[in-house]
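File shown: protein_8.csv (CSV, C-alpha atoms).
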```csv
chain,number,residue,atom,x,y,z
A,137,MET,CA,85.6,221.6,85.6
A,138,LYS,CA,87.0,221.1,82.1
A,139,ALA,CA,86.1,218.5,79.5
A,140,LEU,CA,88.2,217.4,76.5
A,141,LEU,CA,86.2,216.4,73.4
A,142,LEU,CA,88.7,214.2,71.6
A,143,LEU,CA,87.5,214.2,68.0
A,144,GLY,CA,88.2,211.7,65.2
A,145,CYS,CA,88.7,212.2,61.5
A,146,PRO,CA,85.7,214.2,60.4
A,147,GLU,CA,84.6,212.0,57.5
A,148,VAL,CA,81.5,210.6,59.4
A,149,ALA,CA,78.7,213.2,59.2
A,150,VAL,CA,77.3,212.8,62.7
A,151,GLN,CA,80.5,213.7,64.5
A,152,THR,CA,80.4,217.5,64.4
A,153,GLY,CA,76.8,217.7,65.4
A,154,LEU,CA,77.2,215.2,68.3
A,155,ALA,CA,80.3,217.0,69.5
A,156,LEU,CA,78.5,220.4,69.5
A,157,TYR,CA,75.5,218.8,71.3
A,158,VAL,CA,77.7,217.3,74.0
A,159,ALA,CA,79.5,220.6,74.4
A,160,HIS,CA,76.1,222.3,74.7
A,161,LYS,CA,75.1,219.9,77.5
A,162,LEU,CA,78.4,220.3,79.3
A,163,LYS,CA,78.3,224.1,79.1
A,164,SER,CA,74.8,224.2,80.5
A,165,GLU,CA,76.2,222.5,83.6
A,166,GLY,CA,79.1,225.0,83.8
A,167,ILE,CA,81.7,222.7,82.5
A,168,LYS,CA,84.4,224.2,80.2
A,169,THR,CA,84.8,222.5,76.8
A,170,VAL,CA,87.9,222.0,74.7
A,171,GLY,CA,87.7,220.5,71.2
A,172,VAL,CA,90.8,218.4,70.3
A,173,GLY,CA,91.4,217.2,66.8
A,174,THR,CA,93.2,217.4,63.5
A,175,ALA,CA,93.3,220.7,61.5
A,176,SER,CA,90.3,219.7,59.3
A,177,THR,CA,88.2,218.6,62.3
A,178,LEU,CA,88.9,221.8,64.2
A,179,GLY,CA,88.2,223.8,61.1
A,180,LEU,CA,84.7,222.2,61.0
A,181,MET,CA,84.1,223.0,64.6
A,182,ALA,CA,85.4,226.6,64.2
A,183,VAL,CA,83.0,227.2,61.3
A,184,ALA,CA,80.0,225.6,63.1
A,185,ASP,CA,80.6,227.5,66.3
A,186,PRO,CA,82.2,230.8,65.4
A,187,GLN,CA,81.2,232.6,68.6
A,188,HIS,CA,82.3,229.7,70.9
A,189,ALA,CA,78.8,229.3,72.0
A,190,TYR,CA,79.5,225.6,72.7
A,191,ILE,CA,83.2,224.9,72.5
A,192,ASP,CA,85.3,227.3,74.6
A,193,SER,CA,88.6,226.5,72.9
A,194,LEU,CA,90.2,224.3,70.2
A,195,ILE,CA,93.5,222.6,70.3
A,196,ASN,CA,95.5,220.5,67.8
A,197,LEU,CA,95.6,216.8,68.7
A,198,ASP,CA,99.4,216.4,68.8
A,199,ARG,CA,99.8,219.6,70.8
A,200,CYS,CA,97.2,218.3,73.3
A,201,ILE,CA,99.0,214.9,73.6
A,202,ASP,CA,102.3,216.8,74.3
A,203,LEU,CA,100.7,218.9,77.0
A,204,LEU,CA,99.0,216.0,78.7
A,205,ALA,CA,102.1,213.8,78.5
A,206,ASP,CA,104.2,216.7,80.1
A,207,HIS,CA,101.4,217.3,82.7
A,208,LYS,CA,101.0,220.8,81.5
A,209,ALA,CA,97.3,220.4,80.9
A,210,HIS,CA,94.6,218.7,82.8
A,211,ALA,CA,91.0,217.6,82.3
A,212,ASP,CA,88.2,216.4,84.6
A,213,ILE,CA,86.4,214.4,81.9
A,214,VAL,CA,87.3,213.2,78.4
A,215,PHE,CA,84.9,212.3,75.6
A,216,GLY,CA,86.3,210.3,72.7
A,217,PHE,CA,84.3,210.4,69.5
A,218,ILE,CA,85.2,207.1,67.8
A,219,HIS,CA,84.5,205.7,64.4
A,220,LYS,CA,87.8,204.0,63.7
A,221,ASP,CA,90.4,202.0,65.5
A,222,SER,CA,92.7,205.1,65.7
A,223,GLY,CA,90.0,206.8,67.8
A,224,ILE,CA,90.2,204.0,70.3
A,225,GLN,CA,94.0,204.3,70.5
A,226,TYR,CA,93.9,208.1,71.1
A,227,LEU,CA,91.2,207.7,73.8
A,228,ALA,CA,93.2,204.9,75.5
A,229,SER,CA,96.3,207.0,75.4
A,230,VAL,CA,94.6,210.1,76.9
A,231,ALA,CA,92.9,207.9,79.5
A,232,ALA,CA,96.3,206.4,80.5
A,233,MET,CA,98.0,209.8,80.6
A,234,THR,CA,95.3,211.5,82.7
A,235,ASP,CA,94.1,208.6,84.8
A,236,ILE,CA,90.5,209.6,83.9
A,237,THR,CA,87.7,207.2,83.2
A,238,PRO,CA,86.6,208.6,79.9
A,239,VAL,CA,83.3,208.4,77.9
A,240,ALA,CA,83.5,206.8,74.5
A,241,ILE,CA,80.9,207.9,71.9
A,242,VAL,CA,81.1,205.3,69.1
A,243,PHE,CA,79.3,205.7,65.8
A,244,GLY,CA,79.7,204.9,62.1
A,245,ARG,CA,79.0,201.7,60.2
A,246,ASP,CA,81.4,199.6,62.4
A,247,ALA,CA,80.1,201.0,65.7
A,248,GLU,CA,79.1,197.6,67.1
A,249,ASP,CA,82.5,196.0,66.6
A,250,LEU,CA,84.3,199.2,67.6
A,251,SER,CA,82.3,199.5,70.8
A,252,SER,CA,83.3,195.8,71.7
A,253,GLU,CA,86.9,196.7,71.1
A,254,VAL,CA,86.6,199.8,73.2
A,255,GLU,CA,85.2,197.7,76.0
A,256,ARG,CA,88.2,195.3,75.8
A,257,SER,CA,90.7,198.2,75.6
A,258,ILE,CA,89.6,201.0,77.9
A,259,HIS,CA,87.8,201.2,81.3
A,260,CYS,CA,85.2,203.7,80.3
A,261,LYS,CA,81.5,204.5,79.8
A,262,ILE,CA,80.4,203.6,76.2
A,263,LEU,CA,77.5,205.1,74.2
A,264,TRP,CA,77.2,203.7,70.7
A,265,ALA,CA,74.9,203.5,67.7
A,266,LYS,CA,75.4,202.6,64.0
A,267,ALA,CA,74.9,206.3,63.1
A,268,VAL,CA,76.5,207.8,60.0
A,269,HIS,CA,74.2,210.6,58.9
A,270,ASN,CA,71.5,210.6,61.6
A,271,PRO,CA,72.6,211.5,65.2
A,272,ILE,CA,69.2,211.1,66.9
A,273,GLU,CA,69.8,207.7,68.4
A,274,LEU,CA,73.0,208.8,70.0
A,275,LYS,CA,71.5,212.1,71.1
A,276,LYS,CA,68.8,210.1,73.0
A,277,LYS,CA,71.5,208.0,74.6
A,278,ILE,CA,73.4,211.2,75.6
A,279,ASP,CA,70.2,212.7,77.0
A,280,GLU,CA,69.6,209.5,79.0
A,281,VAL,CA,72.8,210.0,80.9
A,282,GLY,CA,71.4,213.1,82.6
A,283,LEU,CA,73.9,215.4,84.3
A,284,TRP,CA,77.5,214.8,83.3
A,285,ALA,CA,78.7,216.4,86.5
A,286,ALA,CA,76.9,213.6,88.4
A,287,VAL,CA,78.7,211.0,86.2
A,288,LEU,CA,82.0,212.7,87.1
A,289,LYS,CA,81.4,212.3,90.8
A,290,LYS,CA,80.9,208.5,90.5
B,15,MET,CA,121.5,210.2,65.1
B,16,GLY,CA,117.9,210.5,66.3
B,17,GLY,CA,115.4,213.1,65.2
B,18,CYS,CA,112.0,213.5,63.8
B,19,ILE,CA,110.5,210.3,62.3
B,20,GLU,CA,109.2,212.0,59.2
B,21,LYS,CA,112.7,213.2,58.3
B,22,MET,CA,114.3,209.7,58.8
B,23,ASN,CA,115.0,206.9,56.5
B,24,TYR,CA,112.1,204.6,57.5
B,25,GLU,CA,110.4,201.6,55.9
B,26,ILE,CA,106.7,201.0,56.2
B,27,LEU,CA,106.2,197.3,57.1
B,28,LEU,CA,102.4,197.5,57.6
B,29,ARG,CA,100.0,200.2,56.7
B,30,ASN,CA,96.4,201.1,57.6
B,31,VAL,CA,96.0,198.2,60.1
B,32,SER,CA,94.5,198.1,63.6
B,33,PHE,CA,96.7,198.8,66.6
B,34,LYS,CA,96.2,195.2,67.7
B,35,GLU,CA,97.5,193.9,64.3
B,36,SER,CA,100.5,196.2,64.4
B,37,SER,CA,101.4,195.2,68.0
B,38,GLU,CA,101.1,191.5,67.1
B,39,TYR,CA,103.4,192.0,64.1
B,40,ILE,CA,106.0,193.8,66.3
B,41,THR,CA,105.9,191.2,69.1
B,42,LYS,CA,106.2,188.3,66.6
B,43,ASN,CA,108.9,189.7,64.4
B,44,ALA,CA,111.4,191.7,66.5
B,45,GLN,CA,114.4,190.2,68.3
B,46,GLU,CA,113.7,192.2,71.5
B,47,ILE,CA,110.5,193.8,72.7
B,48,TYR,CA,110.3,196.8,75.0
B,49,TYR,CA,107.0,198.0,76.4
B,50,VAL,CA,106.2,201.7,77.1
B,51,GLU,CA,103.2,203.8,78.1
B,52,PRO,CA,101.3,206.0,75.7
B,53,GLY,CA,102.9,209.4,75.4
B,54,TYR,CA,106.4,207.9,75.4
B,55,LYS,CA,108.6,210.0,73.1
B,56,ILE,CA,110.9,208.2,70.6
B,57,PHE,CA,112.6,209.9,67.7
B,58,ASP,CA,110.8,213.1,68.9
B,59,LYS,CA,107.4,211.6,68.4
B,60,ARG,CA,104.8,210.7,71.1
B,61,LEU,CA,103.6,207.1,70.8
B,62,ILE,CA,99.8,206.5,70.8
B,63,GLY,CA,98.0,203.3,71.6
B,64,THR,CA,96.4,201.0,74.2
B,65,PRO,CA,99.0,200.3,76.8
B,66,PRO,CA,101.4,198.6,77.0
B,67,ILE,CA,102.8,199.7,73.7
B,68,PRO,CA,105.5,197.4,72.2
B,69,ILE,CA,108.6,198.6,70.5
B,70,GLY,CA,110.7,196.1,68.7
B,71,VAL,CA,114.5,196.2,68.6
B,72,GLY,CA,117.0,194.2,66.4
B,73,GLN,CA,120.6,194.4,65.4
B,74,ASP,CA,120.1,197.3,63.0
B,75,TYR,CA,116.5,198.4,63.5
B,76,ILE,CA,113.8,199.8,65.8
B,77,ILE,CA,110.2,199.0,64.8
B,78,LEU,CA,107.2,200.8,66.3
B,79,THR,CA,103.6,201.6,65.7
B,80,TYR,CA,102.7,205.1,64.3
B,81,VAL,CA,99.0,205.9,64.7
B,82,LYS,CA,97.5,208.4,62.2
B,83,PRO,CA,94.1,209.7,63.2
B,84,CYS,CA,92.5,209.2,59.8
B,85,TYR,CA,94.5,206.3,58.4
B,86,GLY,CA,95.0,203.8,61.3
B,87,SER,CA,98.2,202.2,62.5
B,88,PHE,CA,101.5,201.9,60.5
B,89,VAL,CA,104.4,199.7,61.5
B,90,LEU,CA,107.6,201.6,60.8
B,91,LYS,CA,111.1,200.2,60.7
B,92,LEU,CA,113.7,202.8,61.6
B,93,PRO,CA,117.5,202.6,61.9
B,94,ARG,CA,118.8,201.4,65.3
B,95,ASP,CA,119.7,204.3,67.5
B,96,GLU,CA,121.7,203.6,70.7
B,97,ASN,CA,120.5,206.7,72.5
B,98,GLU,CA,116.9,205.7,71.9
B,99,ILE,CA,117.6,202.1,73.0
B,100,ASN,CA,119.3,203.3,76.2
B,101,LYS,CA,116.2,205.4,76.9
B,102,LEU,CA,114.0,202.4,76.2
B,103,LYS,CA,115.9,200.3,78.7
B,104,THR,CA,115.3,202.8,81.4
B,105,ALA,CA,111.7,203.5,80.5
B,106,GLN,CA,110.4,200.0,79.7
B,107,LEU,CA,107.6,198.4,81.6
B,108,LYS,CA,108.7,194.9,80.8
B,109,GLN,CA,111.2,193.3,78.5
B,110,GLN,CA,110.8,190.1,76.6
B,111,LYS,CA,113.9,188.5,75.0
B,112,ARG,CA,113.6,186.0,72.2
```
What would you get if you wrote out this structure as structure tokens?
Amino acid sequence: MKALLLLGCPEVAVQTGLALYVAHKLKSEGIKTVGVGTASTLGLMAVADPQHAYIDSLINLDRCIDLLADHKAHADIVFGFIHKDSGIQYLASVAAMTDITPVAIVFGRDAEDLSSEVERSIHCKILWAKAVHNPIELKKKIDEVGLWAAVLKK
Amino acid sequence: MGGCIEKMNYEILLRNVSFKESSEYITKNAQEIYYVEPGYKIFDKRLIGTPPIPIGVGQDYIILTYVKPCYGSFVLKLPRDENEINKLKTAQLKQQKR
């Protein structure tokens, strides 16, 4: 199984830590992880995980969209890390192109409003918290999900 | 004509807005509206957004939403291109004429 971690602009501190934590959980279940984002986002991931202990591979956002649109890549599950409207739009696009019910992890100061907009826009599982610097509340919500492989089968 | 958006003579009608705001602007202001799915390629660029994505067409223009990951949605006005409009007519989900 393969999971895409669709990362937003890296300006909100919790994103990189949360993404690596989700990747850790997925890898422990034997799910391959691919980080998707802009050059600066991927740079942060590459520096934080130089041995690919958590993220198996990284791919540029536009390149990933091209591959998915042309059906040259596939994923079994997609996680969208959202702290802006553009994050919703990218996750909605990937969901439409892959026909996958994704998981939205929503954070930042506008997390409540953004999670409502995600709910209106995308059929998906939503985990959200007004987290900017402290990822613990979202980590707990991620842990409460249990095994992602089980979520995939639903 | 046709080609990469960045190299074209475009005008920014709205900047740093939400996708919802940009879609509403296009549907209110364009003469004709075509709707496409995310990933649709126009002027060599994949469109991003919650489906269906509106594209506005007028006598001398095409207007569309360009989503930038860090900056939100931009409404761009580009010169009308018959090849792109013919592609749109084939690909559209629905068409609404004003």
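Residues having any atom no farther than 7 Å from (96.6, 200.8, 64.3) (counting all atoms listed in the file) are Asp221 and Ser222 of chain A; Asn30, Val31, Ser32, Phe33, Lys34, Glu35, Ser36, Val81, Gly86, Ser87 and Phe88 of chain B.
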Chain B contacts to chain A at 9 Å (all atoms listed in the file) as a CSV table (one decimal) with C-alpha atoms, keeping the file's coordinate frame:
```csv
chain,number,residue,atom,x,y,z
B,31,VAL,CA,96.0,198.2,60.1
B,32,SER,CA,94.5,198.1,63.6
B,33,PHE,CA,96.7,198.8,66.6
B,51,GLU,CA,103.2,203.8,78.1
B,52,PRO,CA,101.3,206.0,75.7
B,53,GLY,CA,102.9,209.4,75.4
B,54,TYR,CA,106.4,207.9,75.4
B,60,ARG,CA,104.8,210.7,71.1
B,61,LEU,CA,103.6,207.1,70.8
B,62,ILE,CA,99.8,206.5,70.8
B,63,GLY,CA,98.0,203.3,71.6
B,64,THR,CA,96.4,201.0,74.2
B,65,PRO,CA,99.0,200.3,76.8
B,81,VAL,CA,99.0,205.9,64.7
B,82,LYS,CA,97.5,208.4,62.2
B,83,PRO,CA,94.1,209.7,63.2
B,84,CYS,CA,92.5,209.2,59.8
B,85,TYR,CA,94.5,206.3,58.4
B,86,GLY,CA,95.0,203.8,61.3
B,87,SER,CA,98.2,202.2,62.5
```
Find the residues near segment 260-277 of chain A: any atom within 8 Å, counting only C-alpha atoms, skip ones fewer than 6 places away on the same chain, and give them as a PDB file with C-alpha atoms, in the frame of the given file.
```pdb
ATOM      1  CA  VAL A 148      81.500 210.600  59.400  1.00  0.00           C
ATOM      2  CA  ALA A 149      78.700 213.200  59.200  1.00  0.00           C
ATOM      3  CA  VAL A 150      77.300 212.800  62.700  1.00  0.00           C
ATOM      4  CA  GLY A 153      76.800 217.700  65.400  1.00  0.00           C
ATOM      5  CA  LEU A 154      77.200 215.200  68.300  1.00  0.00           C
ATOM      6  CA  TYR A 157      75.500 218.800  71.300  1.00  0.00           C
ATOM      7  CA  THR A 237      87.700 207.200  83.200  1.00  0.00           C
ATOM      8  CA  PRO A 238      86.600 208.600  79.900  1.00  0.00           C
ATOM      9  CA  VAL A 239      83.300 208.400  77.900  1.00  0.00           C
ATOM     10  CA  ALA A 240      83.500 206.800  74.500  1.00  0.00           C
ATOM     11  CA  ILE A 241      80.900 207.900  71.900  1.00  0.00           C
ATOM     12  CA  VAL A 242      81.100 205.300  69.100  1.00  0.00           C
ATOM     13  CA  PHE A 243      79.300 205.700  65.800  1.00  0.00           C
ATOM     14  CA  GLY A 244      79.700 204.900  62.100  1.00  0.00           C
ATOM     15  CA  ARG A 245      79.000 201.700  60.200  1.00  0.00           C
ATOM     16  CA  ASP A 246      81.400 199.600  62.400  1.00  0.00           C
ATOM     17  CA  ALA A 247      80.100 201.000  65.700  1.00  0.00           C
ATOM     18  CA  GLU A 248      79.100 197.600  67.100  1.00  0.00           C
ATOM     19  CA  SER A 251      82.300 199.500  70.800  1.00  0.00           C
ATOM     20  CA  VAL A 254      86.600 199.800  73.200  1.00  0.00           C
TER      21      VAL A 254
END
```
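You will find atom CA of Thr234 of chain A at 9.2 Å from atom CA of Val214 of chain A.
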Using the atoms already present, construct N, CA and C atoms for segment 15-50 of chain B and hand them back as a tab-separated table (two decimals), in the coordinates of the input.
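File result-v2.tsv, as written:
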```tsv
chain	number	residue	atom	x	y	z
B	15	MET	N	122.54	209.97	66.18
B	15	MET	CA	121.50	210.20	65.10
B	15	MET	C	120.25	210.73	65.80
B	16	GLY	N	119.14	210.04	65.69
B	16	GLY	CA	117.90	210.50	66.30
B	16	GLY	C	117.27	211.61	65.50
B	17	GLY	N	116.11	212.07	65.90
B	17	GLY	CA	115.40	213.10	65.20
B	17	GLY	C	114.04	212.76	64.82
B	18	CYS	N	113.39	213.66	64.11
B	18	CYS	CA	112.00	213.50	63.80
B	18	CYS	C	111.78	212.33	62.80
B	19	ILE	N	110.78	211.49	63.10
B	19	ILE	CA	110.50	210.30	62.30
B	19	ILE	C	110.32	210.65	60.80
B	20	GLU	N	109.53	211.69	60.56
B	20	GLU	CA	109.20	212.00	59.20
B	20	GLU	C	110.45	212.33	58.34
B	21	LYS	N	111.53	212.79	59.00
B	21	LYS	CA	112.70	213.20	58.30
B	21	LYS	C	113.72	211.99	58.19
B	22	MET	N	113.37	210.86	58.80
B	22	MET	CA	114.30	209.70	58.80
B	22	MET	C	114.06	208.77	57.70
B	23	ASN	N	115.04	207.90	57.51
B	23	ASN	CA	115.00	206.90	56.50
B	23	ASN	C	114.20	205.69	57.02
B	24	TYR	N	112.89	205.72	56.93
B	24	TYR	CA	112.10	204.60	57.50
B	24	TYR	C	111.47	203.78	56.40
B	25	GLU	N	111.13	202.56	56.80
B	25	GLU	CA	110.40	201.60	55.90
B	25	GLU	C	109.08	201.34	56.51
B	26	ILE	N	108.04	201.33	55.70
B	26	ILE	CA	106.70	201.00	56.20
B	26	ILE	C	106.51	199.47	56.03
B	27	LEU	N	106.39	198.77	57.16
B	27	LEU	CA	106.20	197.30	57.10
B	27	LEU	C	104.76	196.91	57.02
B	28	LEU	N	103.89	197.67	57.66
B	28	LEU	CA	102.40	197.50	57.60
B	28	LEU	C	101.78	198.83	57.54
B	29	ARG	N	100.69	198.92	56.80
B	29	ARG	CA	100.00	200.20	56.70
B	29	ARG	C	98.49	200.02	56.87
B	30	ASN	N	97.82	201.04	57.42
B	30	ASN	CA	96.40	201.10	57.60
B	30	ASN	C	95.82	199.81	58.27
B	31	VAL	N	96.47	199.38	59.32
B	31	VAL	CA	96.00	198.20	60.10
B	31	VAL	C	95.49	198.69	61.43
B	32	SER	N	94.95	197.75	62.21
B	32	SER	CA	94.50	198.10	63.60
B	32	SER	C	95.76	198.13	64.48
B	33	PHE	N	95.63	198.78	65.62
B	33	PHE	CA	96.70	198.80	66.60
B	33	PHE	C	97.06	197.40	67.08
B	34	LYS	N	96.02	196.60	67.23
B	34	LYS	CA	96.20	195.20	67.70
B	34	LYS	C	97.06	194.45	66.66
B	35	GLU	N	96.74	194.61	65.38
B	35	GLU	CA	97.50	193.90	64.30
B	35	GLU	C	98.97	194.41	64.31
B	36	SER	N	99.15	195.71	64.46
B	36	SER	CA	100.50	196.20	64.40
B	36	SER	C	101.32	195.74	65.64
B	37	SER	N	100.67	195.70	66.80
B	37	SER	CA	101.40	195.20	68.00
B	37	SER	C	101.74	193.76	67.88
B	38	GLU	N	100.81	192.97	67.32
B	38	GLU	CA	101.10	191.50	67.10
B	38	GLU	C	102.27	191.34	66.17
B	39	TYR	N	102.30	192.15	65.12
B	39	TYR	CA	103.40	192.00	64.10
B	39	TYR	C	104.74	192.33	64.82
B	40	ILE	N	104.77	193.38	65.62
B	40	ILE	CA	106.00	193.80	66.30
B	40	ILE	C	106.47	192.67	67.26
B	41	THR	N	105.55	192.19	68.07
B	41	THR	CA	105.90	191.20	69.10
B	41	THR	C	106.34	189.86	68.44
B	42	LYS	N	105.80	189.55	67.25
B	42	LYS	CA	106.20	188.30	66.60
B	42	LYS	C	107.48	188.40	65.83
B	43	ASN	N	107.81	189.59	65.36
B	43	ASN	CA	108.90	189.70	64.40
B	43	ASN	C	110.21	190.35	64.95
B	44	ALA	N	110.13	191.06	66.05
B	44	ALA	CA	111.40	191.70	66.50
B	44	ALA	C	112.18	190.81	67.43
B	45	GLN	N	113.48	191.06	67.46
B	45	GLN	CA	114.40	190.20	68.30
B	45	GLN	C	114.13	190.51	69.79
B	46	GLU	N	113.96	191.77	70.12
B	46	GLU	CA	113.70	192.20	71.50
B	46	GLU	C	112.48	193.07	71.54
B	47	ILE	N	111.71	192.97	72.61
B	47	ILE	CA	110.50	193.80	72.70
B	47	ILE	C	110.62	194.64	74.02
B	48	TYR	N	110.37	195.91	73.88
B	48	TYR	CA	110.30	196.80	75.00
B	48	TYR	C	108.86	197.34	75.07
B	49	TYR	N	108.32	197.50	76.26
B	49	TYR	CA	107.00	198.00	76.40
B	49	TYR	C	106.99	199.38	77.09
B	50	VAL	N	106.25	200.32	76.53
B	50	VAL	CA	106.20	201.70	77.10
B	50	VAL	C	104.73	202.11	77.25
```
